[in-house]
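**Student:** You'll find model03.cif just under this line, and it carries mmCIF, C-alpha atoms (C1' of nucleotides).
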data_input
#
loop_
_atom_site.label_atom_id
_atom_site.label_comp_id
_atom_site.auth_asym_id
_atom_site.auth_seq_id
_atom_site.Cartn_x
_atom_site.Cartn_y
_atom_site.Cartn_z
CA MET A 21 0.00 0.00 0.00
CA PRO A 22 2.85 2.42 0.49
CA LYS A 23 2.18 5.10 -2.04
CA VAL A 24 3.86 8.45 -2.19
CA GLY A 25 1.99 11.47 -0.92
CA MET A 26 0.45 9.88 2.13
CA GLU A 27 1.70 12.53 4.52
CA PRO A 28 -1.06 15.13 4.24
CA MET A 29 -3.75 12.46 4.42
CA ARG A 30 -2.18 10.81 7.43
CA ARG A 31 -1.72 14.12 9.22
CA LYS A 32 -5.34 15.02 8.70
CA ALA A 33 -6.55 11.58 9.73
CA LEU A 34 -4.47 11.76 12.89
CA VAL A 35 -5.62 15.24 13.82
CA ASP A 36 -9.25 14.29 13.24
CA ALA A 37 -8.76 11.12 15.23
CA ALA A 38 -7.17 13.07 18.06
CA LEU A 39 -10.12 15.43 18.17
CA ARG A 40 -12.55 12.55 18.29
CA VAL A 41 -10.66 10.62 20.94
CA ILE A 42 -10.18 13.74 23.07
CA GLY A 43 -13.85 14.60 22.74
CA ASP A 44 -14.98 11.11 23.68
CA HIS A 45 -12.49 10.82 26.48
CA GLY A 46 -13.10 14.36 27.68
CA SER A 47 -9.43 14.86 28.36
CA LEU A 48 -6.02 15.31 26.83
CA SER A 49 -4.82 12.30 28.79
CA VAL A 50 -5.28 10.11 25.78
CA THR A 51 -2.59 7.84 24.47
CA MET A 52 -0.90 8.06 21.13
CA SER A 53 -1.97 4.44 20.69
CA GLU A 54 -5.64 5.32 21.01
CA ILE A 55 -5.34 8.15 18.55
CA ALA A 56 -3.33 6.09 16.10
CA LYS A 57 -5.75 3.19 16.35
CA GLN A 58 -8.66 5.54 15.70
CA ALA A 59 -6.82 6.82 12.65
CA GLY A 60 -6.06 3.28 11.54
CA VAL A 61 -2.29 3.50 11.73
CA SER A 62 0.43 2.44 14.12
CA PRO A 63 1.50 4.62 17.05
CA ALA A 64 4.96 4.78 15.53
CA LEU A 65 3.59 6.51 12.48
CA ALA A 66 1.96 9.20 14.55
CA HIS A 67 5.34 9.93 16.08
CA HIS A 68 6.95 9.81 12.69
CA TYR A 69 4.75 12.59 11.39
CA PHE A 70 4.31 14.75 14.47
CA GLY A 71 7.48 14.16 16.42
CA SER A 72 5.72 14.30 19.75
CA LYS A 73 2.35 14.00 21.36
CA GLU A 74 2.45 17.66 22.30
CA GLN A 75 2.91 18.67 18.69
CA LEU A 76 -0.02 16.54 17.57
CA LEU A 77 -2.16 18.12 20.25
CA ILE A 78 -1.15 21.57 19.14
CA GLU A 79 -2.04 20.78 15.56
CA THR A 80 -5.35 19.50 16.86
CA ILE A 81 -6.33 22.68 18.62
CA ARG A 82 -5.14 24.64 15.64
CA SER A 83 -7.56 22.63 13.52
CA LEU A 84 -10.40 23.18 15.99
CA LEU A 85 -9.82 26.91 15.86
CA LYS A 86 -9.59 26.99 12.10
CA GLN A 87 -12.91 25.20 11.81
CA LEU A 88 -14.55 27.78 14.04
CA ARG A 89 -13.00 30.68 12.20
CA ASP A 90 -14.16 29.36 8.83
CA ASP A 91 -17.68 28.98 10.16
CA VAL A 92 -17.64 32.53 11.51
CA VAL A 93 -16.33 33.97 8.26
CA THR A 94 -19.03 32.20 6.29
CA ALA A 95 -21.75 33.36 8.64
CA LEU A 96 -20.51 36.94 8.60
CA LYS A 97 -20.54 37.06 4.82
CA ALA A 98 -24.19 36.08 4.77
CA ALA A 99 -25.24 38.89 7.12
CA ALA A 100 -25.95 42.36 5.84
CA THR A 101 -26.23 44.66 8.85
CA PRO A 102 -24.11 45.03 11.98
CA ARG A 103 -26.97 43.75 14.09
CA ALA A 104 -27.36 40.73 11.82
CA ARG A 105 -23.63 40.08 12.03
CA LEU A 106 -23.84 40.11 15.81
CA SER A 107 -26.55 37.50 15.61
CA ALA A 108 -24.45 35.51 13.19
CA VAL A 109 -21.44 35.44 15.51
CA ILE A 110 -23.65 34.32 18.37
CA ARG A 111 -25.43 31.69 16.32
CA VAL A 112 -22.22 30.15 15.05
CA SER A 113 -20.96 29.69 18.59
CA PHE A 114 -23.91 27.50 19.38
CA HIS A 115 -24.15 25.80 16.04
CA ALA A 116 -24.44 22.02 15.98
CA ASP A 117 -20.76 21.25 15.35
CA GLN A 118 -19.47 23.60 18.00
CA PHE A 119 -22.06 22.72 20.57
CA ALA A 120 -21.81 18.94 20.24
CA PRO A 121 -20.87 17.39 23.60
CA GLN A 122 -17.60 16.03 22.26
CA THR A 123 -16.57 19.35 20.80
CA ILE A 124 -17.34 21.10 24.03
CA ALA A 125 -15.42 18.47 25.93
CA ALA A 126 -12.45 19.04 23.66
CA TRP A 127 -12.56 22.79 24.16
CA LEU A 128 -12.70 22.36 27.87
CA ALA A 129 -9.75 19.99 27.80
CA PHE A 130 -7.73 22.54 25.89
CA TYR A 131 -8.66 25.31 28.31
CA ALA A 132 -7.32 23.16 31.10
CA GLU A 133 -4.19 22.40 29.10
CA ALA A 134 -3.64 26.10 28.54
CA GLN A 135 -2.66 26.36 32.19
CA ARG A 136 0.49 24.44 31.35
CA SER A 137 1.13 24.81 27.66
CA GLU A 138 2.17 28.27 26.55
CA GLU A 139 1.37 27.40 22.96
CA THR A 140 -2.13 26.19 23.79
CA ARG A 141 -2.79 29.35 25.74
CA ARG A 142 -1.69 31.43 22.78
CA PHE A 143 -4.29 29.76 20.60
CA LEU A 144 -7.07 30.30 23.09
CA VAL A 145 -6.11 33.90 23.57
CA ILE A 146 -6.32 34.32 19.82
CA TYR A 147 -9.83 32.89 19.90
CA ALA A 148 -10.83 35.22 22.71
CA ARG A 149 -9.43 38.23 20.92
CA ARG A 150 -11.08 37.34 17.65
CA LEU A 151 -14.46 36.91 19.27
CA ARG A 152 -14.10 40.21 21.07
CA SER A 153 -12.93 41.97 17.97
CA ASN A 154 -15.84 40.67 15.90
CA LEU A 155 -18.28 41.78 18.53
CA VAL A 156 -16.84 45.23 19.05
CA ALA A 157 -16.60 45.89 15.33
CA ASN A 158 -20.31 45.26 14.88
CA LEU A 159 -21.40 46.93 18.08
CA LYS A 160 -19.54 50.14 17.29
CA PRO A 161 -22.07 51.37 14.73
CA LEU A 162 -24.83 50.80 17.26
CA CYS A 163 -23.49 52.47 20.37
CA PRO A 164 -20.53 54.41 21.77
CA LEU A 165 -17.19 52.62 21.74
CA ASP A 166 -16.83 52.21 25.48
CA VAL A 167 -20.30 50.74 25.66
CA ALA A 168 -19.49 48.44 22.77
CA GLU A 169 -16.46 47.13 24.61
CA HIS A 170 -18.52 46.63 27.72
CA ILE A 171 -21.22 44.68 25.91
CA ALA A 172 -18.61 42.63 24.05
CA GLU A 173 -17.08 41.50 27.32
CA GLY A 174 -20.49 40.49 28.57
CA VAL A 175 -21.44 38.58 25.46
CA ALA A 176 -18.12 36.77 25.32
CA ALA A 177 -18.38 35.78 28.95
CA MET A 178 -21.93 34.58 28.47
CA ILE A 179 -20.99 32.44 25.49
CA ASP A 180 -18.10 30.83 27.31
CA GLY A 181 -20.22 30.35 30.40
CA LEU A 182 -23.01 28.65 28.49
CA TYR A 183 -20.40 26.30 27.06
CA ILE A 184 -19.13 25.35 30.48
CA ARG A 185 -22.61 24.78 31.80
CA GLN A 186 -23.42 22.71 28.77
CA SER A 187 -20.38 20.56 29.43
CA LEU A 188 -21.88 19.39 32.69
CA GLY A 189 -24.92 18.17 30.81
CA SER A 190 -27.08 19.06 33.77
CA THR A 191 -28.87 22.16 32.60
CA ARG A 192 -31.89 22.19 30.41
CA VAL A 193 -30.34 25.04 28.47
CA GLY A 194 -29.95 23.79 24.93
CA ALA A 195 -28.53 25.52 21.89
CA GLU A 196 -31.71 27.44 21.11
CA ALA A 197 -32.12 28.71 24.63
CA SER A 198 -28.44 29.67 24.74
CA ILE A 199 -28.81 31.71 21.59
CA ALA A 200 -31.95 33.36 22.96
CA LEU A 201 -30.25 34.21 26.23
CA THR A 202 -27.29 35.81 24.51
CA GLU A 203 -29.39 37.63 21.92
CA ASP A 204 -31.57 38.94 24.68
CA TYR A 205 -28.54 40.30 26.46
CA VAL A 206 -27.39 42.18 23.39
CA THR A 207 -30.83 43.57 22.66
CA ILE A 208 -31.48 44.80 26.16
CA GLN A 209 -28.03 46.30 26.54
CA LEU A 210 -28.33 48.12 23.26
CA ARG A 211 -31.78 49.39 24.09
CA GLY A 212 -30.41 50.86 27.30
CA THR A 213 -27.79 53.03 25.61
CA ALA A 214 -28.22 53.85 21.94
CA ARG A 215 -31.22 54.54 19.84
CA MET B 3 6.24 11.65 66.57
CA PRO B 4 3.46 9.16 66.12
CA LYS B 5 0.73 10.47 68.32
CA VAL B 6 -2.82 9.25 68.27
CA GLY B 7 -5.39 11.46 66.58
CA MET B 8 -3.25 12.44 63.64
CA GLU B 9 -5.80 11.32 61.08
CA PRO B 10 -7.98 14.43 60.79
CA MET B 11 -4.95 16.69 60.70
CA ARG B 12 -3.24 14.62 58.04
CA ARG B 13 -6.39 14.43 55.96
CA LYS B 14 -6.80 18.18 56.04
CA ALA B 15 -3.14 18.79 55.30
CA LEU B 16 -3.31 16.43 52.34
CA VAL B 17 -6.49 17.93 50.93
CA ASP B 18 -5.09 21.44 51.28
CA ALA B 19 -1.84 20.34 49.70
CA ALA B 20 -3.71 18.73 46.82
CA LEU B 21 -5.61 21.94 46.20
CA ARG B 22 -2.41 23.95 46.18
CA VAL B 23 -0.54 21.56 43.92
CA ILE B 24 -3.47 21.27 41.51
CA GLY B 25 -3.83 25.03 41.44
CA ASP B 26 -0.16 25.58 40.76
CA HIS B 27 0.08 22.81 38.25
CA GLY B 28 -3.24 23.73 36.65
CA SER B 29 -4.17 20.11 36.22
CA LEU B 30 -5.26 16.99 38.01
CA SER B 31 -2.27 15.20 36.50
CA VAL B 32 -0.34 15.68 39.67
CA THR B 33 1.40 12.88 41.48
CA MET B 34 0.63 11.58 44.90
CA SER B 35 4.30 12.20 45.65
CA GLU B 36 3.99 15.90 44.90
CA ILE B 37 0.91 16.22 47.04
CA ALA B 38 2.42 14.23 49.88
CA LYS B 39 5.65 16.20 49.75
CA GLN B 40 3.68 19.46 49.85
CA ALA B 41 1.87 18.13 52.90
CA GLY B 42 5.13 17.02 54.46
CA VAL B 43 4.40 13.30 54.59
CA SER B 44 5.28 10.24 52.57
CA PRO B 45 3.24 9.19 49.53
CA ALA B 46 2.43 5.95 51.30
CA LEU B 47 0.64 7.85 54.02
CA ALA B 48 -1.58 9.58 51.53
CA HIS B 49 -2.64 6.21 50.24
CA HIS B 50 -3.08 4.96 53.77
CA TYR B 51 -5.62 7.63 54.57
CA PHE B 52 -7.38 8.02 51.24
CA GLY B 53 -7.06 4.61 49.68
CA SER B 54 -6.58 5.98 46.20
CA LYS B 55 -5.65 9.08 44.34
CA GLU B 56 -9.17 9.40 43.00
CA GLN B 57 -10.59 9.46 46.50
CA LEU B 58 -8.19 12.18 47.57
CA LEU B 59 -9.18 14.21 44.55
CA ILE B 60 -12.84 13.79 45.37
CA GLU B 61 -12.28 14.94 48.92
CA THR B 62 -10.42 17.89 47.48
CA ILE B 63 -13.24 19.10 45.31
CA ARG B 64 -15.62 18.51 48.18
CA SER B 65 -13.49 20.83 50.25
CA LEU B 66 -13.40 23.45 47.51
CA LEU B 67 -17.16 23.38 47.31
CA LYS B 68 -17.62 23.55 51.04
CA GLN B 69 -15.40 26.60 51.22
CA LEU B 70 -17.50 28.34 48.63
CA ARG B 71 -20.75 27.38 50.29
CA ASP B 72 -19.57 28.68 53.65
CA ASP B 73 -18.59 31.97 52.08
CA VAL B 74 -21.96 32.27 50.41
CA VAL B 75 -23.86 31.50 53.58
CA THR B 76 -21.90 34.12 55.49
CA ALA B 77 -22.45 36.72 52.81
CA LEU B 78 -26.16 35.97 52.59
CA LYS B 79 -26.60 36.39 56.32
CA ALA B 80 -25.14 39.88 56.16
CA ALA B 81 -27.56 41.04 53.46
CA ALA B 82 -31.01 42.31 54.32
CA THR B 83 -32.96 42.60 51.08
CA PRO B 84 -33.35 40.24 48.12
CA ARG B 85 -31.48 42.67 45.89
CA ALA B 86 -28.66 42.90 48.42
CA ARG B 87 -28.53 39.12 48.61
CA LEU B 88 -28.18 38.93 44.83
CA SER B 89 -25.25 41.28 45.05
CA ALA B 90 -23.80 39.20 47.85
CA VAL B 91 -23.94 36.00 45.81
CA ILE B 92 -22.26 37.73 42.90
CA ARG B 93 -19.61 39.34 45.02
CA VAL B 94 -18.66 36.09 46.73
CA SER B 95 -18.06 34.44 43.38
CA PHE B 96 -15.40 36.98 42.57
CA HIS B 97 -13.99 37.31 46.02
CA ALA B 98 -10.25 37.12 46.42
CA ASP B 99 -10.07 33.46 47.44
CA GLN B 100 -12.32 32.23 44.69
CA PHE B 101 -10.86 34.41 42.01
CA ALA B 102 -7.19 33.69 42.72
CA PRO B 103 -5.51 32.23 39.64
CA GLN B 104 -4.73 28.97 41.41
CA THR B 105 -8.28 28.54 42.61
CA ILE B 106 -9.62 29.18 39.15
CA ALA B 107 -7.12 26.75 37.71
CA ALA B 108 -8.31 24.13 40.18
CA TRP B 109 -11.96 24.69 39.29
CA LEU B 110 -11.15 24.40 35.64
CA ALA B 111 -9.25 21.18 36.21
CA PHE B 112 -12.23 19.71 38.03
CA TYR B 113 -14.59 20.75 35.26
CA ALA B 114 -12.42 18.86 32.83
CA GLU B 115 -12.29 15.88 35.17
CA ALA B 116 -16.07 15.88 35.39
CA GLN B 117 -16.13 14.60 31.83
CA ARG B 118 -14.77 11.31 33.13
CA SER B 119 -15.56 11.11 36.81
CA GLU B 120 -19.22 10.66 37.62
CA GLU B 121 -18.58 11.70 41.20
CA THR B 122 -16.81 14.89 40.22
CA ARG B 123 -19.65 15.77 37.88
CA ARG B 124 -22.13 15.25 40.70
CA PHE B 125 -20.33 17.81 42.82
CA LEU B 126 -20.22 20.37 40.05
CA VAL B 127 -23.89 19.85 39.29
CA ILE B 128 -24.60 20.50 42.94
CA TYR B 129 -22.68 23.77 42.73
CA ALA B 130 -24.59 24.77 39.60
CA ARG B 131 -27.92 23.98 41.20
CA ARG B 132 -27.08 25.80 44.38
CA LEU B 133 -26.04 28.93 42.55
CA ARG B 134 -29.17 28.81 40.45
CA SER B 135 -31.35 28.22 43.44
CA ASN B 136 -29.84 31.11 45.38
CA LEU B 137 -30.35 33.41 42.46
CA VAL B 138 -33.93 32.38 41.73
CA ALA B 139 -34.93 32.62 45.37
CA ASN B 140 -33.83 36.22 45.55
CA LEU B 141 -35.04 37.20 42.12
CA LYS B 142 -38.54 35.87 42.75
CA PRO B 143 -39.62 38.77 44.95
CA LEU B 144 -38.47 41.18 42.24
CA CYS B 145 -40.02 39.74 39.12
CA PRO B 146 -42.23 36.94 37.78
CA LEU B 147 -40.94 33.41 38.29
CA ASP B 148 -40.24 32.63 34.65
CA VAL B 149 -38.29 35.84 34.31
CA ALA B 150 -36.40 35.03 37.49
CA GLU B 151 -35.36 31.69 36.06
CA HIS B 152 -34.30 33.35 32.84
CA ILE B 153 -32.16 35.92 34.60
CA ALA B 154 -30.67 33.28 36.87
CA GLU B 155 -29.46 31.27 33.88
CA GLY B 156 -27.90 34.37 32.43
CA VAL B 157 -26.16 35.39 35.63
CA ALA B 158 -24.84 31.90 36.24
CA ALA B 159 -23.51 31.66 32.70
CA MET B 160 -21.88 35.03 33.00
CA ILE B 161 -20.15 34.14 36.24
CA ASP B 162 -18.81 30.88 34.87
CA GLY B 163 -17.76 32.60 31.66
CA LEU B 164 -15.87 35.32 33.48
CA TYR B 165 -14.04 32.59 35.36
CA ILE B 166 -12.99 30.85 32.17
CA ARG B 167 -11.83 34.07 30.61
CA GLN B 168 -9.92 34.92 33.75
CA SER B 169 -8.18 31.57 33.58
CA LEU B 170 -6.51 32.56 30.33
CA GLY B 171 -5.08 35.59 32.05
CA SER B 172 -5.40 37.55 28.85
CA THR B 173 -8.28 39.86 29.56
CA ARG B 174 -8.04 43.04 31.50
CA VAL B 175 -11.27 42.09 33.25
CA GLY B 176 -10.41 41.92 36.91
CA ALA B 177 -12.58 41.04 39.87
CA GLU B 178 -14.11 44.49 40.18
CA ALA B 179 -14.99 44.71 36.51
CA SER B 180 -16.44 41.19 36.63
CA ILE B 181 -18.68 42.15 39.52
CA ALA B 182 -19.74 45.32 37.73
CA LEU B 183 -20.54 43.44 34.55
CA THR B 184 -22.68 40.91 36.35
CA GLU B 185 -24.40 43.46 38.53
CA ASP B 186 -25.15 45.50 35.50
CA TYR B 187 -26.76 42.53 33.86
CA VAL B 188 -29.04 41.94 36.81
CA THR B 189 -30.00 45.58 37.11
CA ILE B 190 -30.81 46.05 33.46
CA GLN B 191 -32.73 42.79 33.22
CA LEU B 192 -34.79 43.66 36.28
CA ARG B 193 -35.49 47.13 35.01
CA GLY B 194 -36.85 45.64 31.82
CA THR B 195 -39.48 43.53 33.48
CA ALA B 196 -40.56 44.39 36.99
CA ARG B 197 -40.99 47.61 38.81
"C1'" DT C 27 0.77 -5.79 74.57
"C1'" DT C 28 -2.11 -3.76 71.35
"C1'" DT C 29 -3.08 -0.08 68.41
"C1'" DT C 30 -2.02 3.80 65.48
"C1'" DA C 31 1.15 6.37 62.61
"C1'" DT C 32 4.57 6.23 59.39
"C1'" DT C 33 7.82 5.06 55.83
"C1'" DG C 34 11.31 2.78 52.48
"C1'" DA C 35 11.43 -0.37 49.21
"C1'" DT C 36 9.19 -2.61 45.67
"C1'" DT C 37 5.98 -3.98 42.10
"C1'" DG C 38 3.24 -3.85 38.04
"C1'" DA C 39 1.23 -1.20 34.64
"C1'" DT C 40 1.23 2.36 31.43
"C1'" DC C 41 3.21 5.25 27.88
"C1'" DA C 42 5.94 8.36 25.06
"C1'" DG C 43 9.39 7.96 22.20
"C1'" DT C 44 13.12 5.23 19.41
"C1'" DC C 45 15.00 2.16 16.04
"C1'" DA C 46 16.08 -1.10 12.90
"C1'" DA C 47 13.88 -3.63 9.48
"C1'" DT C 48 10.46 -4.26 5.68
"C1'" DC C 49 7.87 -3.22 1.73
"C1'" DA C 50 6.44 -1.17 -2.35
"C1'" DA C 51 6.40 2.60 -5.45
"C1'" DA C 52 9.28 5.77 -8.12
"C1'" DA C 53 13.40 7.07 -10.28
"C1'" DT C 54 17.47 5.77 -12.60
"C1'" DT C 55 20.28 3.12 -15.31
"C1'" DA C 56 21.52 -0.37 -18.63
"C1'" DT D 3 11.99 -2.86 -21.56
"C1'" DA D 4 14.23 -4.93 -17.81
"C1'" DA D 5 17.16 -4.54 -13.95
"C1'" DT D 6 18.76 -1.52 -10.24
"C1'" DT D 7 18.78 1.82 -6.85
"C1'" DT D 8 16.65 5.13 -4.12
"C1'" DT D 9 13.08 6.95 -1.35
"C1'" DG D 10 8.96 7.35 1.43
"C1'" DA D 11 5.66 4.77 4.25
"C1'" DT D 12 5.02 1.77 7.80
"C1'" DT D 13 5.42 -1.18 11.68
"C1'" DG D 14 6.80 -4.49 15.62
"C1'" DA D 15 9.61 -4.72 19.19
"C1'" DC D 16 11.98 -2.43 22.60
"C1'" DT D 17 13.49 1.10 26.22
"C1'" DG D 18 13.35 4.20 29.90
"C1'" DA D 19 10.72 6.83 32.77
"C1'" DT D 20 6.90 7.66 35.55
"C1'" DC D 21 3.51 6.53 39.00
"C1'" DA D 22 -0.25 4.50 41.62
"C1'" DA D 23 -0.57 1.18 44.76
"C1'" DT D 24 1.17 -2.40 48.13
"C1'" DC D 25 3.47 -4.29 51.99
"C1'" DA D 26 6.36 -5.52 55.45
"C1'" DA D 27 8.81 -3.28 58.96
"C1'" DT D 28 9.49 0.25 62.65
"C1'" DA D 29 8.42 3.37 66.25
"C1'" DA D 30 5.85 5.40 69.62
"C1'" DA D 31 1.98 6.04 72.19
"C1'" DA D 32 -1.96 3.82 74.91
#
Any chance you could give the structure as C-alpha cells?
**Tutor:**
Amino acid sequence: MPKVGMEPMRRKALVDAALRVIGDHGSLSVTMSEIAKQAGVSPALAHHYFGSKEQLLIETIRSLLKQLRDDVVTALKAAATPRARLSAVIRVSFHADQFAPQTIAAWLAFYAEAQRSEETRRFLVIYARRLRSNLVANLKPLCPLDVAEHIAEGVAAMIDGLYIRQSLGSTRVGAEASIALTEDYVTIQLRGTAR
Amino acid sequence: MPKVGMEPMRRKALVDAALRVIGDHGSLSVTMSEIAKQAGVSPALAHHYFGSKEQLLIETIRSLLKQLRDDVVTALKAAATPRARLSAVIRVSFHADQFAPQTIAAWLAFYAEAQRSEETRRFLVIYARRLRSNLVANLKPLCPLDVAEHIAEGVAAMIDGLYIRQSLGSTRVGAEASIALTEDYVTIQLRGTAR
DNA sequence: TTTTATTGATTGATCAGTCAATCAAAATTA
DNA sequence: TAATTTTGATTGACTGATCAATCAATAAAA
C-alpha cells in the first residue's frame, strides 16, 4: 500500500482522530496508541509525522480553531447589517458542530491544558481576541465605543459560560435557549444606551 | 512523633496540599508524591488515609465546594434585602479566594475531570444547582418566576464565563470589573421587566 | 501488649518515544 | 523494456521513565 503522498492524508486523519478521541475521552490524557488506532495506523507513524504528542495536540487545537474561524467567516458574509452580524457570531458559537458534547469536551480539555502549555494558551487567547474583535466591530455602529467594549465582554463571557454549563450536561439550556439568552442580552443592553 | 489522633490533621493537610498543587500545576495530573511532599508526609501515608488518588481528589473538590458554600452563607446572612442578597452571591463568586488564579485553575481542572468522573460531575452539578437556586430565590420577589429563572441562567452563565476568561489571564477584566458586569446585567434585566 | 502512625522499598502497569527492518512505489540506469 | 537503486511509508519490538498502589517493617503512644 505504500504510495507516495500519504503525509497530508495521514496528518489530517491523525488530527481528526485526536479530536474525536479527546472529545470522547473528555481529556487530553489520551494515548498516542488510542489516537493512532482511531486513525487506523500504528503509534509509531503518529510519532513519525508529528514528532511528539504535544505537537499533535497543538495541531489539533489549531484545527479546531480553524474550523470555528471558517464557520464565523461564512456566517458573517451572509449577514448584511451590523446587528445581523452580531446574531451571526452568536449563532455560530452555538451551532451544531461547535455545541456537540464532544466538541465542548475538547474545548474544555484545551482550556485546562492552557494552564500548562504556553502554545495552547496562545491559541485560546487568539480565539478570545477574535471573538471580542468581531463583537466590538459590529457593536460600534450601534453604540458608543466604550459601551461596545462593555457589551462585548459580557457577550463573550456569556458564550463561554453557556459552554461550560453545557459541558456538565445538567442544565436544560440547549442551543436554542443559549442563543436566545445571549441575543436577549445584546438587545437589552443596546436598548439601554443607543437609539 | 506518632501520636494518636493524627488522622484528621493529616487528611486536612493532604487535601489542602492537593488543592495547592493542583492550582499551581493547573491540572489533576499531579502525582501523589507531589501532594504528599507538599503536605510534608510520605506518599504511602496519603494512600493509607485516602485509599486511592481518586478518592483524595474527590475529597479535594468537596473541600473546595464547602469553602465556597460557607462563604456564600456568610455573605447571605449579612444582606437584608433580596437585591442585596443577589449582590452578595455575585460578590462572593469573585472574592479574592475564589478568584485567585490557582483557585480558578483548580476549578477548571475539576470541570475537565467531570467529563470522566461521575462523582466529580455530581459535585459540580450541585454547585450549579445551588447557585441557580440562590439566584432564583432572591429574584422571585423582584419579578415573575419565569423571568427570574431566565435571569438566573444568564447570571450563572456570566459568572462561569468570566471565570474561564480569567483563567486565560489575557483579559483586562479583573474582579471588580467582573462584579460590575454581572451586577449591570441583573440591574438592566430587572429594570426591563418588573418595577 | 495492642493499636495507630509512618515510611522505604518494591511492584506492576502504562506510555511516550526510538530504532532497525520491511515493503512497495518511483526514479534511474543499462 | 528490464534490472537496479533510491526513497517514502510503515510497523513491531523495545526502552526508559513515571507513578499508583502495596506491603512488610518500625516506632511510639496507649
**Student:** Pick out the chain B residues within 12 Å of chain C. Count all atoms listed in the file. Give them as a ChimeraX atom specification.
**Tutor:** /B:3-9,12,42-51
**Student:** Give as a VMD selection string every residue of chain B that touches chain A within 7 Å, counting only C-alpha atoms.
**Tutor:** chain B and resid 28 to 29 110 to 111 114 117 to 118 123 127 156 159 to 164 167 170 172 183
**Student:** Check what the PyMOL selection byres ((chain D and resi 23) around 8) selects in the file above and give those residues as a list in words.
**Tutor:**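 On the file shown, the PyMOL selection byres ((chain D and resi 23) around 8) covers His49 and Ser54 of chain B; DA22 and DT24 of chain D.
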**Student:** Selection from above, C-alpha atoms (C1' of nucleotides), as a PDB file, in the frame of the given file, can you write it?
**Tutor:**
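In the end it all went to again-v1.pdb:
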ATOM      1  CA  HIS B  49      -2.640   6.210  50.240  1.00  0.00           C
ATOM      2  CA  SER B  54      -6.580   5.980  46.200  1.00  0.00           C
TER       3      SER B  54
ATOM      4  C1'  DA D  22      -0.250   4.500  41.620  1.00  0.00           C
ATOM      5  C1'  DT D  24       1.170  -2.400  48.130  1.00  0.00           C
TER       6       DT D  24
END
**Student:** Can you measure CA of Ala37 (chain A) to CA of Gln58 (chain A) for me? One decimal in Å is fine.
**Tutor:**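 Those two atoms sit 5.6 Å apart.
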**Student:** Which residues fall under the PyMOL selection byres ((chain D) within 12 of (chain B)) in this file, as a list in words?
**Tutor:**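 Written out, the selection comes to DT20, DC21, DA22, DA23, DT24, DC25, DT28, DA29, DA30, DA31 and DA32 of chain D.
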**Student:** Would you work out the distance separating CA of Val92 (chain A) from CA of Ala108 (chain A), expressed in Å to one decimal?
**Tutor:** 7.6 Å
**Student:** Just give me the gap between C1' of DT12 (chain D) and CA of Ser83 (chain A) in Å, one decimal is fine.
**Tutor:**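 Those two atoms sit 25.0 Å apart.
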**Student:** Can you give me, as an NGL selection string, the residues this file yields under the PyMOL selection byres ((chain B and resi 76-87) around 9)?
**Tutor:** :B and (71-75 or 88-94 or 136-137 or 139-144)
**Student:** Name the residues within 6 Å of (-16.0, 15.7, 45.1), counting only C-alpha atoms (C1' of nucleotides) in the file's coordinates, and put them as a list in words.
**Tutor:**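 Those residues, ordered by chain and then number, are Ile60, Glu61, Ile63, Arg64, Thr122 and Phe125 of chain B.
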**Student:** Nearest residue to Val206 (chain A) out of A:Ala172, A:Met29, A:Ile55, A:Leu77, using all atoms listed in the file?
**Tutor:**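 Among the listed residues, the smallest separation from Val206 (chain A) belongs to A:Ala172.
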**Student:** Please determine, counting only C-alpha atoms, which residue among B:His97, B:Ser135, B:Glu121, B:Lys68 has the shortest atom-to-atom distance to Gly176 (chain B).
**Tutor:**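 Among the listed residues, the smallest separation from Gly176 (chain B) belongs to B:His97.
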**Student:** Each side padded by 8 Å, which centre and which edge lengths in Å (one decimal) define the axis-aligned box around the listed atoms of region 30-46 of chain C? Give them as JSON.
**Tutor:**
{"center_x": 7.0, "center_y": 2.2, "center_z": 39.2, "size_x": 34.1, "size_y": 28.3, "size_z": 68.6}
**Student:** Generate the coordinates of N, CA and C atoms for region 22-31 of chain B; report them as a PDB file, in the frame of the given file.
**Tutor:**
ATOM      1  N   ARG B  22      -3.495  23.044  46.544  1.00  0.00           N
ATOM      2  CA  ARG B  22      -2.410  23.950  46.180  1.00  0.00           C
ATOM      3  C   ARG B  22      -1.650  23.423  44.967  1.00  0.00           C
ATOM      4  N   VAL B  23      -1.308  22.145  45.025  1.00  0.00           N
ATOM      5  CA  VAL B  23      -0.540  21.560  43.920  1.00  0.00           C
ATOM      6  C   VAL B  23      -1.339  21.593  42.620  1.00  0.00           C
ATOM      7  N   ILE B  24      -2.610  21.246  42.710  1.00  0.00           N
ATOM      8  CA  ILE B  24      -3.470  21.270  41.510  1.00  0.00           C
ATOM      9  C   ILE B  24      -3.556  22.688  40.966  1.00  0.00           C
ATOM     10  N   GLY B  25      -3.743  23.638  41.857  1.00  0.00           N
ATOM     11  CA  GLY B  25      -3.830  25.030  41.440  1.00  0.00           C
ATOM     12  C   GLY B  25      -2.565  25.511  40.760  1.00  0.00           C
ATOM     13  N   ASP B  26      -1.437  25.170  41.355  1.00  0.00           N
ATOM     14  CA  ASP B  26      -0.160  25.580  40.760  1.00  0.00           C
ATOM     15  C   ASP B  26       0.055  24.907  39.420  1.00  0.00           C
ATOM     16  N   HIS B  27      -0.194  23.624  39.420  1.00  0.00           N
ATOM     17  CA  HIS B  27       0.080  22.810  38.250  1.00  0.00           C
ATOM     18  C   HIS B  27      -0.979  23.052  37.165  1.00  0.00           C
ATOM     19  N   GLY B  28      -2.164  23.501  37.591  1.00  0.00           N
ATOM     20  CA  GLY B  28      -3.240  23.730  36.650  1.00  0.00           C
ATOM     21  C   GLY B  28      -3.797  22.475  36.033  1.00  0.00           C
ATOM     22  N   SER B  29      -3.747  21.398  36.778  1.00  0.00           N
ATOM     23  CA  SER B  29      -4.170  20.110  36.220  1.00  0.00           C
ATOM     24  C   SER B  29      -4.309  19.067  37.322  1.00  0.00           C
ATOM     25  N   LEU B  30      -5.132  18.087  37.048  1.00  0.00           N
ATOM     26  CA  LEU B  30      -5.260  16.990  38.010  1.00  0.00           C
ATOM     27  C   LEU B  30      -4.174  15.939  37.792  1.00  0.00           C
ATOM     28  N   SER B  31      -3.388  16.128  36.741  1.00  0.00           N
ATOM     29  CA  SER B  31      -2.270  15.200  36.500  1.00  0.00           C
ATOM     30  C   SER B  31      -1.110  15.556  37.414  1.00  0.00           C
TER      31      SER B  31
END
